[in-house]
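*Asks:* The following block contains the structure, expressed as structure tokens.
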Amino acid sequence: MADMHRRQFLTLLGLAGMSTLNLLPPQFSLGREMKKLLKSVLYFLKPTFDLPEEGDNISVETALNSRCTSDYEGNPEKYHWGMFDRTKKLSSEQIKNIISLAKIPRFSEKKVEIQTERNILTFMVENHVSGIIRDWMMVESGMQQQAVGLVCAALGVGILFRNLGKDGTPISDTDYGSIKIKLDPMKPTYNGSFWSNLPPAGRNPWLRGNLPDPVRDGAKPLLTTLANLRTHNKSSTKSSEQSISQLLWAARGRTPHFYNSKPWGMTIPTWAGDQNISSVYLVIKKGRSKYINWDRNRPTHALSDVKKVDEALLQQLLSTFSANLGLIILGKNEDFARALWEVGYQLLNLLLQASSLNISYQAILLDETQKSTVGRTGVKNPVAILAI
């Protein structure tokens, strides 16, 4: 039996130059362990991917505009926009570096971390925690997922989400998994580049909204900004209509990539293209508005559904959250944990954009009392706030 396994292994080594299991001759019938072994051999023999030198200097805005969710279909408009490069691999050092760069500012003191197995990342939170602290941990897990995605977008690395269920799943007695993400080298998808600073175009071009068009390229590198990111910032730079517009786009704005042949690209990843898991609102003196990024079957950038907010309530909110200008409120539209992850995606983007603009801000994850007060503005199920 041992001799047979050795012969089979040597035969597999002879076939190791093949790029996929699908290229094996039909007479080969491999067991699960041998298939796993072959995959390991093929992966080991691939050359290591050279990260693009420009990656360190890609701006916050360009990283947000250049999603890196990928697959092996080879067609950017078929499923995910990004395309994995089958011929190369990431080294363990590169993967460790990506994780080390994807640090987030924290709100809770519970365990929120990433476990790695080769190029598969498992995002985990501490198990057996309930209530509002568990919700905060799920938001932080979403921030962590988004941080990895943005680092990868800057460095030309593709990611692929492997769902563990809408609420995640227990990994062990101590750990609860939110999601898995696969990392692999990516082909340059934007006309030969890994990045784009262009608005959506093509058959569903950009529709100018009632907000100033966002800037899709900036001066501050994503990696540097992320490394120094905090939950709050004080600055003498005044917020403006343009900066509010930029923040809203960063949270949930449209980008030029496709998903499942639909121009549904956003600055955040979506669960199977679902566009209604969470919502973004703005509360200022004019009232409470909802941010919209799609109108008349085209990507756009606008505020709608304006409702007056009681002046006393507005002043209470501005005072409570130390805001001079207003509040950007992130709310969930369902009770699954994936809505909290999506809030985390948007919150990290807001922090990065606010830091890049060097405006004063404070991020807050809401407790139950604060949720009740904020809910009086008409926002259903508020979860987090960026006070500006």
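All residue names refer to the structure tokens as shown: chains lettered A, B, ... in order, residues numbered from 1 in each chain, ligands numbered from 1 in order.
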Quick one: DSSP alpha helix (DSSP H) residues in segment 209-281 of chain A, as JSON, numbers by chain?
*Replies:* {"A": [222, 223, 224, 225, 226, 227, 241, 242, 243, 244, 245, 246, 247, 248, 249, 250, 251, 252]}
*Asks:* Counting only C-alpha atoms, what is within 10 Å of segment 167-169 of chain A, bar same-chain residues fewer than 4 positions away, as a VMD selection string?
*Replies:* chain A and resid 123 to 124 127 138 163 175 to 180 335 to 341
*Asks:* Might you pull out every residue within 10 Å of Ser240 of chain A, with only C-alpha atoms counted and same-chain residues fewer than 6 positions away left off, and present them as a ChimeraX atom specification?
*Replies:* /A:246,325,359
*Asks:* How would the residues just picked look written out with N, CA and C atoms as an mmCIF file, in the first residue's frame?
*Replies:*
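As a result, part-v8.cif now contains:
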data_model
loop_
_atom_site.group_PDB
_atom_site.id
_atom_site.type_symbol
_atom_site.label_atom_id
_atom_site.label_comp_id
_atom_site.auth_asym_id
_atom_site.auth_seq_id
_atom_site.Cartn_x
_atom_site.Cartn_y
_atom_site.Cartn_z
ATOM 1 N N GLN A 246 -18.412 63.958 0.351
ATOM 2 C CA GLN A 246 -17.333 62.975 0.237
ATOM 3 C C GLN A 246 -17.492 61.864 1.265
ATOM 4 N N LEU A 325 -21.641 70.268 13.272
ATOM 5 C CA LEU A 325 -22.374 70.404 12.015
ATOM 6 C C LEU A 325 -23.539 69.436 11.898
ATOM 7 N N ILE A 359 -10.789 66.518 9.022
ATOM 8 C CA ILE A 359 -11.860 67.260 9.669
ATOM 9 C C ILE A 359 -12.085 66.687 11.067
#
*Asks:* Could you list, as a compact mmCIF listing (two decimals) with C-alpha atoms, in the first residue's frame, every residue within 6 Å of segment 261-278 of chain A, counting only C-alpha atoms and ignoring same-chain residues fewer than 2 positions away?
*Replies:*
# COMPACT_ATOMS: atom_id res chain seq x y z
CA LEU A 64 -12.36 52.95 -1.99
CA GLU A 77 -18.65 41.39 -15.91
CA LYS A 78 -19.71 37.79 -15.30
CA ARG A 252 -21.85 53.77 0.49
CA GLY A 253 -21.01 55.43 -2.81
CA ARG A 254 -21.03 53.91 -6.28
CA THR A 255 -17.86 52.71 -8.00
CA HIS A 257 -16.98 47.87 -11.09
CA PHE A 258 -19.75 45.32 -11.77
CA TYR A 259 -21.34 42.53 -9.76
CA GLY A 331 -28.76 51.93 10.48
CA LYS A 332 -29.50 48.26 9.87
CA ASN A 333 -32.51 47.04 7.89
CA ALA A 339 -26.17 43.97 8.69
*Asks:* Please, what distance in Å, to one decimal, runs between atom CA of Leu327 of chain A and atom CA of Glu342 of chain A?
*Replies:* 18.4 Å
*Asks:* What's the 9 Å shell around Leu222 of chain A, counting only C-alpha atoms, without same-chain residues fewer than 5 positions away, as number ranges by chain?
*Replies:* A: 56-64, 150-151, 154, 227, 352, 356
*Asks:* Using only C-alpha atoms, which of A:Pro221, A:Pro299, A:Gly149, A:Gly165 sits nearest Ala201 of chain A?
*Replies:*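 Comparing A:Pro221, A:Pro299, A:Gly149, A:Gly165 against Ala201 of chain A, the winner is A:Pro299.
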*Asks:* Kindly indicate which residue among A:Leu155, A:Val139, A:Ile132, A:Ile292 lies nearest to Leu207 of chain A, using only C-alpha atoms for the distances.
*Replies:* A:Ile292
*Asks:* Have a look at atom CA of Ser130 of chain A and atom CA of Gly142 of chain A and let me know their distance in Å, one decimal.
*Replies:*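 Between atom CA of Ser130 of chain A and atom CA of Gly142 of chain A the gap works out to 17.1 Å.
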*Asks:* Figure out the distance between atom CA of Asp305 of chain A and atom CA of Gln346 of chain A, please, to one decimal in Å.
*Replies:*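 It comes out at 20.5 Å.
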*Asks:* Would you mind listing what lies within 9 Å of Pro199 of chain A as a VMD selection string, with only C-alpha atoms counted and same-chain residues fewer than 3 positions away left out?
*Replies:* chain A and resid 65 196 205 to 206 214 216 254 to 256
*Asks:* Suppose we keep C-alpha atoms; can you now write the selection as an mmCIF file, in the first residue's frame?
*Replies:*
data_model
loop_
_atom_site.group_PDB
_atom_site.id
_atom_site.type_symbol
_atom_site.label_atom_id
_atom_site.label_comp_id
_atom_site.auth_asym_id
_atom_site.auth_seq_id
_atom_site.Cartn_x
_atom_site.Cartn_y
_atom_site.Cartn_z
ATOM 1 C CA ASN A 65 -13.119 53.291 -5.695
ATOM 2 C CA SER A 196 -9.428 53.408 -11.009
ATOM 3 C CA PRO A 205 -23.396 55.889 -16.595
ATOM 4 C CA TRP A 206 -23.101 58.229 -13.633
ATOM 5 C CA PRO A 214 -17.164 62.869 -5.062
ATOM 6 C CA ARG A 216 -12.045 59.636 -6.385
ATOM 7 C CA ARG A 254 -21.027 53.907 -6.278
ATOM 8 C CA THR A 255 -17.861 52.706 -7.997
ATOM 9 C CA PRO A 256 -17.107 51.640 -11.597
#
*Asks:* Which residue is closest to Leu350 of chain A? Choose from A:Asn119, A:Gln370, A:Thr231, A:Ser91 and count only C-alpha atoms.
*Replies:*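 Residue with the minimum atom-to-atom distance to Leu350 of chain A: A:Thr231.
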*Asks:* Enumerate as a PyMOL selection string all residues of segment 66-181 of chain A assigned to strand (DSSP E) by DSSP on the backbone, naming them with the chain letters and numbers the document uses.
*Replies:* chain A and resi 70-71+82-83+112-117+120-126+157-163+169-170+175-181
*Asks:* Filtering to N, CA and C atoms, could you give me those residues as a compact mmCIF listing (two decimals), in the first residue's frame?
*Replies:*
# COMPACT_ATOMS: atom_id res chain seq x y z
N SER A 70 -12.88 39.21 -6.06
CA SER A 70 -12.44 38.52 -7.28
C SER A 70 -12.96 37.09 -7.35
N ASP A 71 -12.80 36.49 -8.53
CA ASP A 71 -13.10 35.08 -8.73
C ASP A 71 -12.24 34.56 -9.86
N GLY A 82 -13.19 41.72 -10.11
CA GLY A 82 -11.80 41.31 -10.04
C GLY A 82 -11.59 39.90 -10.56
N MET A 83 -10.40 39.62 -11.08
CA MET A 83 -10.05 38.31 -11.61
C MET A 83 -8.77 37.83 -10.95
N VAL A 112 -11.51 40.32 19.00
CA VAL A 112 -11.92 40.40 17.60
C VAL A 112 -10.64 40.23 16.80
N GLU A 113 -10.49 39.09 16.12
CA GLU A 113 -9.20 38.80 15.50
C GLU A 113 -9.34 37.99 14.22
N ILE A 114 -8.20 37.79 13.56
CA ILE A 114 -8.15 37.05 12.31
C ILE A 114 -7.28 35.82 12.49
N GLN A 115 -7.80 34.66 12.10
CA GLN A 115 -7.04 33.42 12.11
C GLN A 115 -6.69 33.06 10.67
N THR A 116 -5.47 32.59 10.43
CA THR A 116 -5.05 32.29 9.06
C THR A 116 -4.70 30.82 8.91
N GLU A 117 -5.04 30.30 7.73
CA GLU A 117 -4.60 28.97 7.30
C GLU A 117 -4.22 29.10 5.83
N ILE A 120 -6.33 31.53 3.55
CA ILE A 120 -7.71 31.66 4.01
C ILE A 120 -7.72 32.34 5.38
N LEU A 121 -8.44 33.44 5.47
CA LEU A 121 -8.57 34.19 6.71
C LEU A 121 -9.95 33.92 7.32
N THR A 122 -9.98 33.61 8.61
CA THR A 122 -11.24 33.45 9.33
C THR A 122 -11.36 34.59 10.33
N PHE A 123 -12.45 35.35 10.23
CA PHE A 123 -12.67 36.49 11.10
C PHE A 123 -13.51 36.03 12.29
N MET A 124 -12.98 36.24 13.49
CA MET A 124 -13.58 35.65 14.68
C MET A 124 -13.80 36.70 15.76
N VAL A 125 -14.86 36.49 16.53
CA VAL A 125 -15.10 37.28 17.72
C VAL A 125 -15.22 36.33 18.91
N GLU A 126 -15.12 36.89 20.07
CA GLU A 126 -15.22 36.09 21.29
C GLU A 126 -16.61 35.49 21.41
N VAL A 157 -4.22 42.87 -4.57
CA VAL A 157 -4.55 41.51 -4.13
C VAL A 157 -6.07 41.33 -4.17
N GLY A 158 -6.51 40.17 -4.67
CA GLY A 158 -7.93 39.89 -4.74
C GLY A 158 -8.43 39.19 -3.48
N ILE A 159 -9.72 39.37 -3.19
CA ILE A 159 -10.34 38.67 -2.06
C ILE A 159 -11.62 37.99 -2.53
N LEU A 160 -11.99 36.92 -1.85
CA LEU A 160 -13.23 36.21 -2.13
C LEU A 160 -13.86 35.82 -0.81
N PHE A 161 -15.10 36.28 -0.57
CA PHE A 161 -15.80 35.97 0.66
C PHE A 161 -16.33 34.54 0.63
N ARG A 162 -16.14 33.84 1.74
CA ARG A 162 -16.72 32.51 1.93
C ARG A 162 -17.63 32.58 3.15
N ASN A 163 -18.92 32.61 2.89
CA ASN A 163 -19.89 32.87 3.96
C ASN A 163 -19.98 31.74 4.97
N THR A 169 -21.05 31.63 12.49
CA THR A 169 -21.21 30.30 13.08
C THR A 169 -20.15 30.07 14.15
N PRO A 170 -20.43 29.25 15.17
CA PRO A 170 -19.40 28.94 16.17
C PRO A 170 -18.24 28.18 15.53
N ASP A 175 -14.55 30.70 20.28
CA ASP A 175 -14.53 31.60 19.12
C ASP A 175 -15.77 31.45 18.25
N TYR A 176 -16.23 32.58 17.73
CA TYR A 176 -17.38 32.61 16.84
C TYR A 176 -16.94 33.24 15.52
N GLY A 177 -17.11 32.52 14.43
CA GLY A 177 -16.66 33.00 13.13
C GLY A 177 -17.71 33.84 12.45
N SER A 178 -17.32 35.01 11.95
CA SER A 178 -18.26 35.84 11.20
C SER A 178 -18.21 35.49 9.71
N ILE A 179 -17.00 35.35 9.17
CA ILE A 179 -16.88 35.06 7.73
C ILE A 179 -15.45 34.61 7.45
N LYS A 180 -15.26 33.95 6.31
CA LYS A 180 -13.92 33.61 5.81
C LYS A 180 -13.64 34.42 4.56
N ILE A 181 -12.40 34.76 4.35
CA ILE A 181 -11.98 35.48 3.14
C ILE A 181 -10.74 34.80 2.57
